[in-house]
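Below is coords_23.cif, which holds mmCIF, C-alpha atoms.
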data_final
loop_
_atom_site.label_atom_id
_atom_site.label_comp_id
_atom_site.auth_asym_id
_atom_site.auth_seq_id
_atom_site.Cartn_x
_atom_site.Cartn_y
_atom_site.Cartn_z
CA MET A 834 -62.73 105.38 88.40
CA GLU A 835 -60.36 107.24 86.00
CA LYS A 836 -62.62 110.30 86.34
CA ILE A 837 -62.42 110.12 90.13
CA TRP A 838 -58.60 109.84 90.20
CA SER A 839 -58.26 112.64 87.64
CA GLY A 840 -60.51 114.78 89.82
CA ILE A 841 -58.46 113.98 92.91
CA ILE A 842 -55.21 115.00 91.17
CA ILE A 843 -56.73 118.28 89.95
CA ILE A 844 -58.18 119.07 93.39
CA LEU A 845 -54.90 118.30 95.20
CA ILE A 846 -52.96 120.54 92.80
CA GLY A 847 -55.55 123.31 93.28
CA LEU A 848 -55.55 122.92 97.04
CA GLY A 849 -51.75 123.06 97.05
CA VAL A 850 -51.64 126.35 95.12
CA TYR A 851 -54.52 127.90 97.07
CA SER A 852 -53.12 126.70 100.39
CA LEU A 853 -49.68 128.16 99.58
CA TYR A 854 -51.36 131.51 98.93
CA GLY A 855 -53.42 131.12 102.07
CA TYR A 856 -50.41 129.96 104.09
CA LEU A 857 -48.64 133.23 103.38
CA ARG A 858 -51.75 135.11 104.51
CA LEU A 859 -52.21 132.82 107.50
CA GLU A 860 -48.64 133.09 108.72
CA SER A 861 -48.03 136.77 108.12
CA PRO A 862 -49.36 137.58 110.63
CA PRO A 863 -50.96 134.28 111.77
CA ILE A 864 -54.38 134.48 113.31
CA GLU A 865 -53.24 132.77 116.50
CA GLU A 866 -50.49 135.33 117.10
CA LYS A 867 -52.73 138.39 116.66
CA THR A 868 -53.92 138.64 120.23
CA ASP A 869 -54.94 142.28 120.48
CA ILE A 870 -55.02 145.58 118.68
CA GLY A 871 -53.31 148.61 120.16
CA PRO A 872 -52.86 149.56 123.81
CA ALA A 873 -55.28 148.66 126.57
CA GLN A 874 -58.47 150.69 126.50
CA PRO A 875 -60.22 152.31 129.47
CA THR A 876 -62.29 149.88 131.52
CA THR A 877 -65.30 152.20 131.41
CA VAL A 878 -66.27 151.04 127.91
CA VAL A 879 -69.93 150.01 127.87
CA SER A 880 -70.42 146.68 126.10
CA GLY A 881 -73.06 144.02 125.80
CA PRO A 882 -74.18 141.30 128.25
CA GLY A 883 -71.48 138.79 129.10
CA VAL A 884 -68.67 141.28 128.54
CA SER A 885 -66.56 142.59 131.42
CA PRO A 886 -63.33 144.61 131.29
CA ASP A 887 -61.24 141.44 131.23
CA GLU A 888 -63.55 138.63 130.06
CA ILE A 889 -66.10 137.54 127.44
CA LEU A 890 -68.56 134.84 128.54
CA ILE A 891 -69.69 132.35 125.92
CA GLY A 892 -72.13 129.49 126.50
CA SER A 893 -72.53 126.02 125.04
CA SER A 894 -74.92 123.12 125.55
CA LEU A 895 -73.77 119.89 123.95
CA ALA A 896 -73.51 116.15 124.44
CA LEU A 897 -70.64 115.55 126.86
CA GLY A 898 -72.15 112.33 128.19
CA GLY A 899 -74.48 109.64 126.90
CA HIS A 900 -74.64 107.88 123.56
CA ALA A 901 -73.44 110.90 121.52
CA SER A 902 -70.67 111.98 123.90
CA PHE A 903 -67.89 111.57 121.32
CA LEU A 904 -69.53 114.23 119.15
CA GLY A 905 -69.96 116.83 121.87
CA THR A 906 -66.62 116.22 123.58
CA GLN A 907 -64.60 116.35 120.38
CA TYR A 908 -66.50 119.34 118.99
CA LEU A 909 -65.72 121.25 122.17
CA HIS A 910 -62.06 120.18 122.35
CA GLY A 911 -61.45 121.29 118.78
CA ALA A 912 -62.76 124.77 119.53
CA MET A 913 -61.12 125.04 122.94
CA CYS A 914 -57.61 124.19 121.78
CA LEU A 915 -57.58 127.42 119.74
CA ILE A 916 -59.45 129.46 122.36
CA GLN A 917 -56.97 128.40 125.05
CA LYS A 918 -54.10 129.38 122.76
CA ILE A 919 -55.61 132.83 122.28
CA ASN A 920 -56.18 133.21 126.04
CA ASP A 921 -52.61 132.17 126.82
CA GLU A 922 -51.41 134.99 124.57
CA GLY A 923 -53.51 137.69 126.19
CA GLY A 924 -56.99 137.18 124.80
CA ILE A 925 -58.83 139.47 122.40
CA HIS A 926 -58.55 143.20 123.05
CA HIS A 927 -57.21 142.31 126.52
CA ARG A 928 -60.18 140.09 127.32
CA LYS A 929 -59.99 136.33 127.90
CA ILE A 930 -62.69 134.10 126.43
CA LYS A 931 -64.47 132.01 129.06
CA VAL A 932 -66.65 129.20 127.72
CA ILE A 933 -69.35 127.89 130.07
CA THR A 934 -70.48 124.41 129.02
CA TYR A 935 -73.37 122.21 130.13
CA ASP A 936 -74.00 118.61 129.19
CA ASP A 937 -77.36 117.95 127.53
CA GLU A 938 -76.63 114.32 126.56
CA TYR A 939 -78.21 115.01 123.15
CA ASP A 940 -81.57 115.42 124.91
CA PRO A 941 -83.79 118.32 123.71
CA PRO A 942 -85.41 119.23 127.09
CA ARG A 943 -82.01 119.37 128.77
CA CYS A 944 -80.70 121.55 125.96
CA VAL A 945 -83.59 123.97 126.51
CA ALA A 946 -82.93 124.09 130.27
CA ASN A 947 -79.19 124.59 129.72
CA THR A 948 -79.77 127.38 127.22
CA ASN A 949 -82.13 129.27 129.54
CA ARG A 950 -79.58 128.95 132.32
CA LEU A 951 -76.78 130.27 130.11
CA ILE A 952 -78.84 133.27 129.04
CA HIS A 953 -80.64 134.21 132.24
CA LYS A 954 -78.36 133.04 135.04
CA ASP A 955 -74.87 133.05 133.52
CA LYS A 956 -75.73 135.99 131.24
CA VAL A 957 -73.41 134.91 128.44
CA PHE A 958 -72.57 137.15 125.51
CA CYS A 959 -73.36 134.56 122.83
CA LEU A 960 -74.00 130.85 122.30
CA PHE A 961 -71.46 128.67 120.55
CA CYS A 962 -70.77 125.11 119.36
CA TYR A 963 -74.15 123.44 119.90
CA VAL A 964 -74.47 119.81 118.83
CA GLY A 965 -77.43 118.16 117.13
CA THR A 966 -80.62 118.89 115.23
CA PRO A 967 -83.29 117.75 117.74
CA THR A 968 -81.60 119.73 120.52
CA THR A 969 -80.83 122.94 118.63
CA LEU A 970 -84.20 123.20 116.90
CA LYS A 971 -85.83 123.41 120.34
CA ILE A 972 -83.96 126.60 121.21
CA ILE A 973 -84.60 128.62 118.05
CA ASP A 974 -87.43 130.58 119.69
CA ILE A 975 -85.32 131.16 122.82
CA VAL A 976 -82.47 132.54 120.72
CA GLU A 977 -84.74 134.88 118.79
CA GLU A 978 -86.73 136.07 121.82
CA ASN A 979 -83.54 136.91 123.73
CA LYS A 980 -81.77 138.35 120.68
CA ILE A 981 -78.61 136.37 121.39
CA PRO A 982 -76.24 135.20 118.63
CA LEU A 983 -75.72 131.46 118.12
CA LEU A 984 -72.62 130.53 116.11
CA GLY A 985 -71.33 127.15 114.97
CA ILE A 986 -73.83 124.26 115.17
CA PHE A 987 -72.93 120.63 114.53
CA SER A 988 -76.04 120.16 112.43
CA GLY A 989 -76.92 120.57 108.78
CA ALA A 990 -80.65 120.96 109.43
CA ASP A 991 -82.60 123.00 106.90
CA LYS A 992 -84.71 124.61 109.65
CA LEU A 993 -81.58 126.27 111.04
CA ARG A 994 -81.10 127.91 107.64
CA PHE A 995 -84.59 128.53 106.24
CA PRO A 996 -86.39 130.74 106.89
CA PHE A 997 -83.48 133.12 107.35
CA ARG A 998 -82.69 133.74 111.04
CA HIS A 999 -80.91 136.93 112.09
CA TYR A 1000 -79.29 135.46 115.21
CA ILE A 1001 -78.17 132.04 113.94
CA PHE A 1002 -74.92 131.50 112.03
CA ASN A 1003 -74.03 128.14 110.50
CA VAL A 1004 -70.45 127.55 109.46
CA ARG A 1005 -70.92 124.10 107.86
CA SER A 1006 -72.80 122.91 104.80
CA SER A 1007 -76.33 121.51 105.11
CA TYR A 1008 -77.63 117.93 105.06
CA TYR A 1009 -79.49 118.80 101.87
CA GLN A 1010 -76.15 119.61 100.26
CA GLU A 1011 -74.60 116.39 101.55
CA THR A 1012 -77.43 114.12 100.45
CA ASN A 1013 -77.72 115.87 97.10
CA ALA A 1014 -74.04 115.18 96.47
CA VAL A 1015 -74.25 111.49 97.33
CA VAL A 1016 -77.46 110.89 95.37
CA ARG A 1017 -75.83 112.45 92.32
CA TYR A 1018 -72.82 110.16 92.85
CA PHE A 1019 -74.96 107.03 93.22
CA VAL A 1020 -77.18 107.77 90.23
CA LYS A 1021 -74.79 109.47 87.79
CA GLU A 1022 -71.48 107.81 88.63
CA LYS A 1023 -72.61 104.38 89.84
CA GLY A 1024 -75.81 103.97 87.85
CA LEU A 1025 -77.81 102.90 90.90
CA ARG A 1026 -81.60 103.13 91.03
CA ARG A 1027 -82.62 101.23 94.16
CA ILE A 1028 -81.62 103.47 97.07
CA ALA A 1029 -82.92 103.01 100.63
CA VAL A 1030 -82.78 105.35 103.63
CA PHE A 1031 -82.01 104.34 107.21
CA TYR A 1032 -82.68 107.22 109.59
CA GLN A 1033 -82.99 108.31 113.20
CA TYR A 1034 -86.65 108.90 114.03
CA ASP A 1035 -86.47 112.57 115.00
CA ASP A 1036 -85.86 115.98 113.44
CA TYR A 1037 -82.31 115.03 112.41
CA GLY A 1038 -83.42 111.89 110.61
CA PHE A 1039 -86.46 113.55 109.06
CA ASP A 1040 -84.26 116.33 107.66
CA GLY A 1041 -81.84 113.88 106.08
CA LEU A 1042 -84.71 111.80 104.71
CA LYS A 1043 -86.35 114.86 103.15
CA GLY A 1044 -83.05 115.98 101.64
CA THR A 1045 -82.60 112.54 100.09
CA GLN A 1046 -86.14 112.54 98.71
CA ILE A 1047 -85.64 115.97 97.13
CA ALA A 1048 -82.36 114.84 95.57
CA LEU A 1049 -83.85 111.60 94.20
CA GLN A 1050 -86.80 113.46 92.67
CA LYS A 1051 -84.38 115.20 90.30
CA TYR A 1052 -83.81 111.81 88.67
CA GLY A 1053 -87.41 110.65 88.78
CA LEU A 1054 -86.68 108.39 91.75
CA SER A 1055 -87.79 107.94 95.36
CA PRO A 1056 -86.41 105.76 98.18
CA VAL A 1057 -87.09 102.11 97.42
CA ILE A 1058 -87.75 101.65 101.18
CA THR A 1059 -87.11 103.48 104.44
CA GLY A 1060 -86.33 102.16 107.90
CA SER A 1061 -85.77 103.96 111.19
CA TYR A 1062 -84.67 103.56 114.79
CA VAL A 1063 -85.43 105.53 117.97
CA ARG A 1064 -82.81 108.05 119.09
CA GLY A 1065 -80.70 106.72 121.95
CA THR A 1066 -81.35 103.04 121.12
CA LEU A 1067 -79.66 100.35 119.04
CA ASP A 1068 -82.94 98.85 117.82
CA ILE A 1069 -82.04 98.56 114.16
CA GLU A 1070 -83.22 95.02 113.37
CA GLU A 1071 -86.67 95.86 112.01
CA ALA A 1072 -85.22 98.54 109.73
CA LEU A 1073 -82.51 96.16 108.51
CA ASP A 1074 -85.08 93.45 107.74
CA LYS A 1075 -87.11 95.86 105.60
CA ILE A 1076 -84.13 97.31 103.76
CA GLN A 1077 -82.54 93.94 103.07
CA ALA A 1078 -85.83 92.59 101.73
CA SER A 1079 -86.04 95.56 99.33
CA ARG A 1080 -82.77 94.51 97.65
CA ALA A 1081 -81.57 98.12 97.84
CA GLN A 1082 -78.27 98.68 96.05
CA ALA A 1083 -77.26 101.52 98.37
CA VAL A 1084 -78.29 102.69 101.83
CA ILE A 1085 -78.19 106.35 102.84
CA MET A 1086 -77.80 106.48 106.62
CA ILE A 1087 -78.90 109.45 108.75
CA GLY A 1088 -77.89 108.46 112.26
CA THR A 1089 -75.20 108.45 114.93
CA TYR A 1090 -72.17 106.20 115.05
CA SER A 1091 -73.30 103.29 117.24
CA PRO A 1092 -76.68 102.47 115.57
CA CYS A 1093 -75.15 102.91 112.11
CA ALA A 1094 -72.21 100.69 113.01
CA LYS A 1095 -74.53 97.99 114.33
CA PHE A 1096 -76.68 98.17 111.17
CA ILE A 1097 -73.66 97.76 108.88
CA LYS A 1098 -72.06 94.96 110.90
CA GLU A 1099 -75.28 92.95 111.07
CA ALA A 1100 -75.94 93.48 107.36
CA ARG A 1101 -72.44 92.25 106.53
CA ALA A 1102 -72.94 89.22 108.81
CA ARG A 1103 -76.08 88.36 106.83
CA GLY A 1104 -74.20 88.59 103.56
CA TYR A 1105 -76.01 91.79 102.56
CA ASN A 1106 -73.47 94.25 101.15
CA PRO A 1107 -74.97 97.29 99.43
CA LEU A 1108 -73.06 100.57 99.24
CA PHE A 1109 -73.32 102.16 102.69
CA TYR A 1110 -73.16 105.94 103.04
CA ASN A 1111 -73.29 108.23 106.09
CA VAL A 1112 -73.70 112.00 106.48
CA SER A 1113 -71.06 113.94 108.41
CA PHE A 1114 -72.96 114.02 111.73
CA VAL A 1115 -72.35 110.29 112.17
CA GLY A 1116 -68.90 111.02 113.63
CA ALA A 1117 -66.76 109.32 111.00
CA ASP A 1118 -63.75 108.49 113.16
CA LYS A 1119 -65.86 106.91 115.90
CA LEU A 1120 -67.93 105.02 113.30
CA VAL A 1121 -64.80 103.52 111.75
CA GLN A 1122 -63.49 102.59 115.18
CA GLU A 1123 -66.69 100.73 116.04
CA LEU A 1124 -66.91 99.02 112.64
CA GLY A 1125 -63.41 97.58 112.54
CA ASP A 1126 -62.96 95.36 109.47
CA ALA A 1127 -66.65 95.78 108.58
CA GLY A 1128 -66.02 99.42 107.67
CA GLU A 1129 -64.15 98.79 104.42
CA GLY A 1130 -65.68 100.74 101.54
CA ILE A 1131 -68.10 102.85 103.61
CA LEU A 1132 -68.72 106.30 102.11
CA ILE A 1133 -69.00 109.39 104.34
CA THR A 1134 -69.48 113.00 103.30
CA GLN A 1135 -67.64 115.61 105.34
CA VAL A 1136 -68.03 119.36 105.67
CA VAL A 1137 -64.34 120.00 106.39
CA PRO A 1138 -61.34 118.45 104.64
CA PRO A 1139 -59.39 115.62 106.29
CA PRO A 1140 -57.45 117.02 109.27
CA THR A 1141 -54.49 114.87 108.22
CA GLU A 1142 -53.74 117.12 105.20
CA ARG A 1143 -51.06 119.00 107.15
CA ILE A 1144 -48.78 119.77 104.21
CA LEU A 1145 -51.45 121.12 101.85
CA LEU A 1146 -53.68 122.86 104.40
CA PRO A 1147 -52.15 125.15 107.05
CA ALA A 1148 -55.17 124.94 109.38
CA CYS A 1149 -54.69 121.17 109.66
CA GLU A 1150 -51.12 121.64 110.88
CA GLN A 1151 -52.09 124.30 113.42
CA TYR A 1152 -55.08 122.29 114.64
CA SER A 1153 -53.04 119.11 115.08
CA ARG A 1154 -50.31 120.98 116.94
CA LEU A 1155 -52.69 122.74 119.32
CA LEU A 1156 -54.80 119.63 119.92
CA ALA A 1157 -51.63 117.75 120.93
CA ARG A 1158 -50.71 120.59 123.30
CA TYR A 1159 -54.04 121.07 125.07
CA TYR A 1160 -55.68 117.64 124.65
CA PRO A 1161 -52.80 115.17 124.29
CA ASP A 1162 -55.07 112.14 124.69
CA ASP A 1163 -57.16 113.12 121.64
CA ARG A 1164 -56.39 112.14 118.08
CA PRO A 1165 -57.16 114.52 115.19
CA ASN A 1166 -60.63 113.83 113.78
CA PHE A 1167 -63.26 115.45 111.59
CA VAL A 1168 -65.56 116.45 114.47
CA SER A 1169 -63.00 118.34 116.53
CA PHE A 1170 -61.49 119.87 113.39
CA GLU A 1171 -64.91 121.34 112.58
CA GLY A 1172 -65.03 122.76 116.12
CA PHE A 1173 -61.59 124.29 115.52
CA ILE A 1174 -62.83 126.02 112.35
CA ASN A 1175 -65.80 127.36 114.32
CA ALA A 1176 -63.36 128.87 116.81
CA ARG A 1177 -61.45 130.59 114.01
CA VAL A 1178 -64.67 132.26 112.90
CA LEU A 1179 -65.59 133.18 116.48
CA ILE A 1180 -62.23 134.80 117.13
CA GLU A 1181 -62.28 136.77 113.90
CA ALA A 1182 -65.77 138.09 114.65
CA LEU A 1183 -64.83 139.06 118.21
CA ARG A 1184 -61.81 141.01 116.97
CA ARG A 1185 -63.47 143.04 114.26
CA PRO A 1186 -65.72 145.38 116.34
CA GLY A 1187 -62.87 146.47 118.60
CA ARG A 1188 -63.09 146.60 122.38
CA ASP A 1189 -66.57 148.13 122.54
CA ILE A 1190 -68.38 144.97 121.50
CA THR A 1191 -72.12 144.34 121.59
CA ARG A 1192 -74.25 141.47 120.36
CA GLU A 1193 -75.43 143.41 117.32
CA GLY A 1194 -71.86 144.54 116.67
CA PHE A 1195 -70.79 140.89 116.79
CA ILE A 1196 -73.51 139.98 114.27
CA LYS A 1197 -72.42 142.79 111.95
CA ALA A 1198 -68.83 141.60 112.28
CA LEU A 1199 -69.83 138.08 111.26
CA GLU A 1200 -71.81 139.44 108.31
CA SER A 1201 -68.75 141.44 107.23
CA ILE A 1202 -66.64 138.29 106.82
CA LYS A 1203 -66.10 137.86 103.08
CA GLU A 1204 -63.78 135.36 101.40
CA HIS A 1205 -61.99 134.95 104.72
CA TYR A 1206 -59.21 132.39 104.45
CA VAL A 1207 -58.93 130.02 107.41
CA GLY A 1208 -56.42 127.56 105.99
CA ILE A 1209 -58.67 124.75 104.70
CA GLY A 1210 -58.47 125.35 100.95
CA THR A 1211 -61.68 127.32 100.79
CA ALA A 1212 -62.77 130.70 102.12
CA ILE A 1213 -65.59 131.51 104.53
CA SER A 1214 -68.17 134.15 103.63
CA PHE A 1215 -71.28 135.47 105.33
CA GLY A 1216 -73.60 138.36 104.52
CA PRO A 1217 -76.64 140.26 105.84
CA ARG A 1218 -78.89 137.62 104.24
CA ASP A 1219 -76.42 134.73 104.18
CA HIS A 1220 -75.60 133.08 107.49
CA GLN A 1221 -73.91 129.93 106.19
CA GLY A 1222 -70.16 130.24 105.82
CA ILE A 1223 -69.20 127.13 103.81
CA ASP A 1224 -70.96 125.22 101.03
CA ASP A 1225 -68.36 122.53 100.41
CA VAL A 1226 -68.94 118.78 100.66
CA TYR A 1227 -66.00 116.35 100.73
CA PHE A 1228 -66.34 112.69 99.75
CA THR A 1229 -64.37 110.24 101.86
CA GLN A 1230 -64.19 106.46 101.89
CA VAL A 1231 -62.88 103.92 104.39
CA ARG A 1232 -59.92 102.06 102.93
CA ASN A 1233 -57.70 99.74 104.95
CA GLY A 1234 -59.23 101.12 108.11
CA GLN A 1235 -58.42 104.73 107.22
CA ILE A 1236 -60.71 107.55 106.08
CA GLN A 1237 -59.38 108.74 102.74
CA LEU A 1238 -60.41 111.64 100.55
CA LEU A 1239 -62.09 110.68 97.29
CA TYR A 1240 -62.80 114.16 95.99
CA LYS A 1241 -64.40 117.48 96.85
#

Please, can you express the file's structure as structure tokens?
Amino acid sequence: MEKIWSGIIIILIGLGVYSLYGYLRLESPPIEEKTDIGPAQPTTVVSGPGVSPDEILIGSSLALGGHASFLGTQYLHGAMCLIQKINDEGGIHHRKIKVITYDDEYDPPRCVANTNRLIHKDKVFCLFCYVGTPTTLKIIDIVEENKIPLLGIFSGADKLRFPFRHYIFNVRSSYYQETNAVVRYFVKEKGLRRIAVFYQYDDYGFDGLKGTQIALQKYGLSPVITGSYVRGTLDIEEALDKIQASRAQAVIMIGTYSPCAKFIKEARARGYNPLFYNVSFVGADKLVQELGDAGEGILITQVVPPPTERILLPACEQYSRLLARYYPDDRPNFVSFEGFINARVLIEALRRPGRDITREGFIKALESIKEHYVGIGTAISFGPRDHQGIDDVYFTQVRNGQIQLLYK
């Protein structure tokens, strides 16, 4: 525990110094104030699909209804609070950003239908802020066949990263990175050997399970038992029976907030209290809300820092301020903060090519982003063969009903 607190102190000091440096860069001039470059250009400029003289069309399919609606709604709100700010100040190169959204309810066939509609009927410039592994994996071929950029996916799936895909840009870290970090913590810091996996029985769950297996193999281990549930259900009892019987000391959970909350609450009610851990996709704030008192001690890895760090991290302050302005009923949370960071990357990439923007120009602009400070204590970098912007994983734990940073 002394090592953890020493690490926290060192990280907070480092974040403070780095954020002060970044704050000066962020505020002079701030990204949100830089609405255009130079005088208006002639309207005869020839640009790519989805681009008109006064508008850029962007498309998104995500869960706005159904059992994962918190994830999609908050992801979108986080991005839109910055996009609306930019639009209110004149847009980018005198163009407003219009985001067309369709609800897929975290259902792969609906995501496919929505994506085809966005590309062929709405003729959007690019795709943005998709939510989920099983949904997004189904549109990879559509994206590549239509040569349309896809930026910012609420998924850490390995298949969205390898093999390398020219048109897909991930901002967040992967599930492999998250599970590797927690396995190392369980084995090296806690001395645990009996680790189980509870997962959603689809591409999302399989990816998290595989990442856990790869991480455990480094220590000559494998999951002591695995248990799963069907996406969209709360049928966790069979998996809980198996995992409890295994006497697992820790449970790595690859699921969404409601099934994971039910699993933990029922385990606690039975007197079974291993260390519970969830990957970032769970929707930490919603999970804690559903768990209530049963959430104490739960570990969750995040791919962005806590949005409450308003003093140390300038992006947290700006995000909280804009969220309160445009979505006053929302509370700051990890999911919408990740959407906000996506929007920062989107806006930077739309600005760089100038007014004559094309899809390939947008891709080159993204690939030109190197050590770009966005106010979260770390920089974002892409490259011609590197389409993941951030590699950080943050450890958080539920204490007294609040999600608190352990260390990065």

(Q) Using all atoms listed in the file, which protein or nucleic acid residues come within 12 Å of A:Phe995? Drop anything in the same chain fewer than 3 positions from it, and give the result as a ChimeraX atom specification. (A) /A:970,973,989-992,998-999,1001-1003,1007,1009,1218-1221

Q.
Can you spell out as a ChimeraX atom specification the set of residues that the PyMOL selection byres ((chain A and resi 1069-1082) around 6) selects in the structure I just provided?
A. /A:1027-1029,1060-1062,1067-1068,1083,1107

Q. At what distance in Å, to one decimal, does atom CA of A:Val1112 lie from atom CA of A:Val1226?
A. 10.1 Å

Q. Could you spell out the hits of the PyMOL selection byres ((chain A and resi 1209) around 8) on the shown file, as a PyMOL selection string?
A. chain A and resi 852+1137-1138+1146-1149+1206-1208+1210-1212

Just so the selection is clear, what residues does the PyMOL selection byres ((chain A and resi 946) around 12) cover here, as a PDB file with C-alpha atoms, keeping the file's coordinate frame?
ATOM      1  CA  SER A 893     -72.530 126.020 125.040  1.00  0.00           C
ATOM      2  CA  SER A 894     -74.920 123.120 125.550  1.00  0.00           C
ATOM      3  CA  LEU A 895     -73.770 119.890 123.950  1.00  0.00           C
ATOM      4  CA  TYR A 935     -73.370 122.210 130.130  1.00  0.00           C
ATOM      5  CA  ASP A 936     -74.000 118.610 129.190  1.00  0.00           C
ATOM      6  CA  ASP A 937     -77.360 117.950 127.530  1.00  0.00           C
ATOM      7  CA  ASP A 940     -81.570 115.420 124.910  1.00  0.00           C
ATOM      8  CA  PRO A 941     -83.790 118.320 123.710  1.00  0.00           C
ATOM      9  CA  PRO A 942     -85.410 119.230 127.090  1.00  0.00           C
ATOM     10  CA  ARG A 943     -82.010 119.370 128.770  1.00  0.00           C
ATOM     11  CA  CYS A 944     -80.700 121.550 125.960  1.00  0.00           C
ATOM     12  CA  VAL A 945     -83.590 123.970 126.510  1.00  0.00           C
ATOM     13  CA  ASN A 947     -79.190 124.590 129.720  1.00  0.00           C
ATOM     14  CA  THR A 948     -79.770 127.380 127.220  1.00  0.00           C
ATOM     15  CA  ASN A 949     -82.130 129.270 129.540  1.00  0.00           C
ATOM     16  CA  ARG A 950     -79.580 128.950 132.320  1.00  0.00           C
ATOM     17  CA  LEU A 951     -76.780 130.270 130.110  1.00  0.00           C
ATOM     18  CA  ILE A 952     -78.840 133.270 129.040  1.00  0.00           C
ATOM     19  CA  HIS A 953     -80.640 134.210 132.240  1.00  0.00           C
ATOM     20  CA  LYS A 954     -78.360 133.040 135.040  1.00  0.00           C
ATOM     21  CA  THR A 968     -81.600 119.730 120.520  1.00  0.00           C
ATOM     22  CA  THR A 969     -80.830 122.940 118.630  1.00  0.00           C
ATOM     23  CA  LYS A 971     -85.830 123.410 120.340  1.00  0.00           C
ATOM     24  CA  ILE A 972     -83.960 126.600 121.210  1.00  0.00           C
ATOM     25  CA  ILE A 975     -85.320 131.160 122.820  1.00  0.00           C
TER      26      ILE A 975
END

(Q) Residues within 6 Å of A:Val1030, please, as a VMD selection string. Count all atoms listed in the file; anything in the same chain fewer than 4 positions from it doesn't count. (A) chain A and resid 1059 1084 to 1086

Selected residues, C-alpha atoms, written as a PDB file, in the frame of the given file, please.
ATOM      1  CA  THR A1059     -87.110 103.480 104.440  1.00  0.00           C
ATOM      2  CA  VAL A1084     -78.290 102.690 101.830  1.00  0.00           C
ATOM      3  CA  ILE A1085     -78.190 106.350 102.840  1.00  0.00           C
ATOM      4  CA  MET A1086     -77.800 106.480 106.620  1.00  0.00           C
TER       5      MET A1086
END

Q: Excluding A:Ile1236 and residues on its chain fewer than 6 positions from it, collect all residues at most 9 Å away from it, counting only C-alpha atoms, and give them as a list in words.
A: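 Counting only C-alpha atoms, the residues come to Ala1117, Asp1118, Val1121, Ile1133, Pro1139, Thr1229 and Gln1230 of chain A.
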
Q) Which of these, A:Ile1047, A:Arg1158, A:Thr1066, A:Asn920, has the shortest distance to A:Gly899 once you count only C-alpha atoms? A)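 Checking each of A:Ile1047, A:Arg1158, A:Thr1066, A:Asn920 against A:Gly899, counting only C-alpha atoms, the winner is A:Thr1066.
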
Q: Using all atoms listed in the file, pick whichever of A:Ile1144, A:Ile889, A:Val1168, A:Ile1202 has the shortest atom-to-atom distance to A:Ile925.
A: A:Ile889

Q: Could you give me, as a VMD selection string, the residues within 9 Å of A:Gly1088, counting all atoms listed in the file and dropping anything in the same chain fewer than 6 positions from it?
A: chain A and resid 1031 to 1034 1037 to 1038 1062 1064 1111 to 1112 1114 to 1115

Q.
What does the structure give for the distance between atom CA of A:Tyr1152 and atom CA of A:Ile1131, in Å to one decimal?
A.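 Spanning atom CA of A:Tyr1152 to atom CA of A:Ile1131 is a straight-line distance of 25.9 Å.
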
Q: In Å, rounded to a single decimal, give me how far atom CA of A:Ser1006 is from atom CA of A:Gly1130.
A: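 Pair atom CA of A:Gly1130 / atom CA of A:Ser1006 returns 23.5 Å.
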
**Q.** Exercise: residues within 6 Å of coordinate (-85.2, 114.2, 118.9), counting all atoms listed in the file, as an MDAnalysis selection string
**A.** chainID A and resid 967 1035:1036

Q) Counting only C-alpha atoms, what is within 9 Å of stretch 1179-1183 of chain A, bar same-chain residues fewer than 5 positions away, as a VMD selection string? A) chain A and resid 864 916 919 925 to 926 961 984 to 985 1174 1188 1190 1195 to 1202

Q: Give as number ranges by chain every residue, naming chains and numbers as the document does, that has an atom within 7 Å of (-75.1, 131.3, 120.3), counting only C-alpha atoms.
A: A: 959-961, 981-984

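Nearest residue to A:Phe1096 among A:Gly1128, A:Thr1191, A:Tyr939, A:Tyr1159 is A:Gly1128, counting all atoms listed in the file.
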
Q.
Could you check the closest approach to A:Ile891 for each of A:Thr934, A:Gln917, A:Thr1141, A:Thr906 and tell me which residue wins, using all atoms listed in the file?
A.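 Distance minimum relative to A:Ile891 lands on A:Thr934.
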
Q) With only C-alpha atoms as the atoms that count, which of A:Glu1129, A:Asp955, A:Glu922, A:Glu1123 lies nearest to A:Leu1108? A)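 That would be A:Glu1129, the residue with the smallest distance to A:Leu1108.
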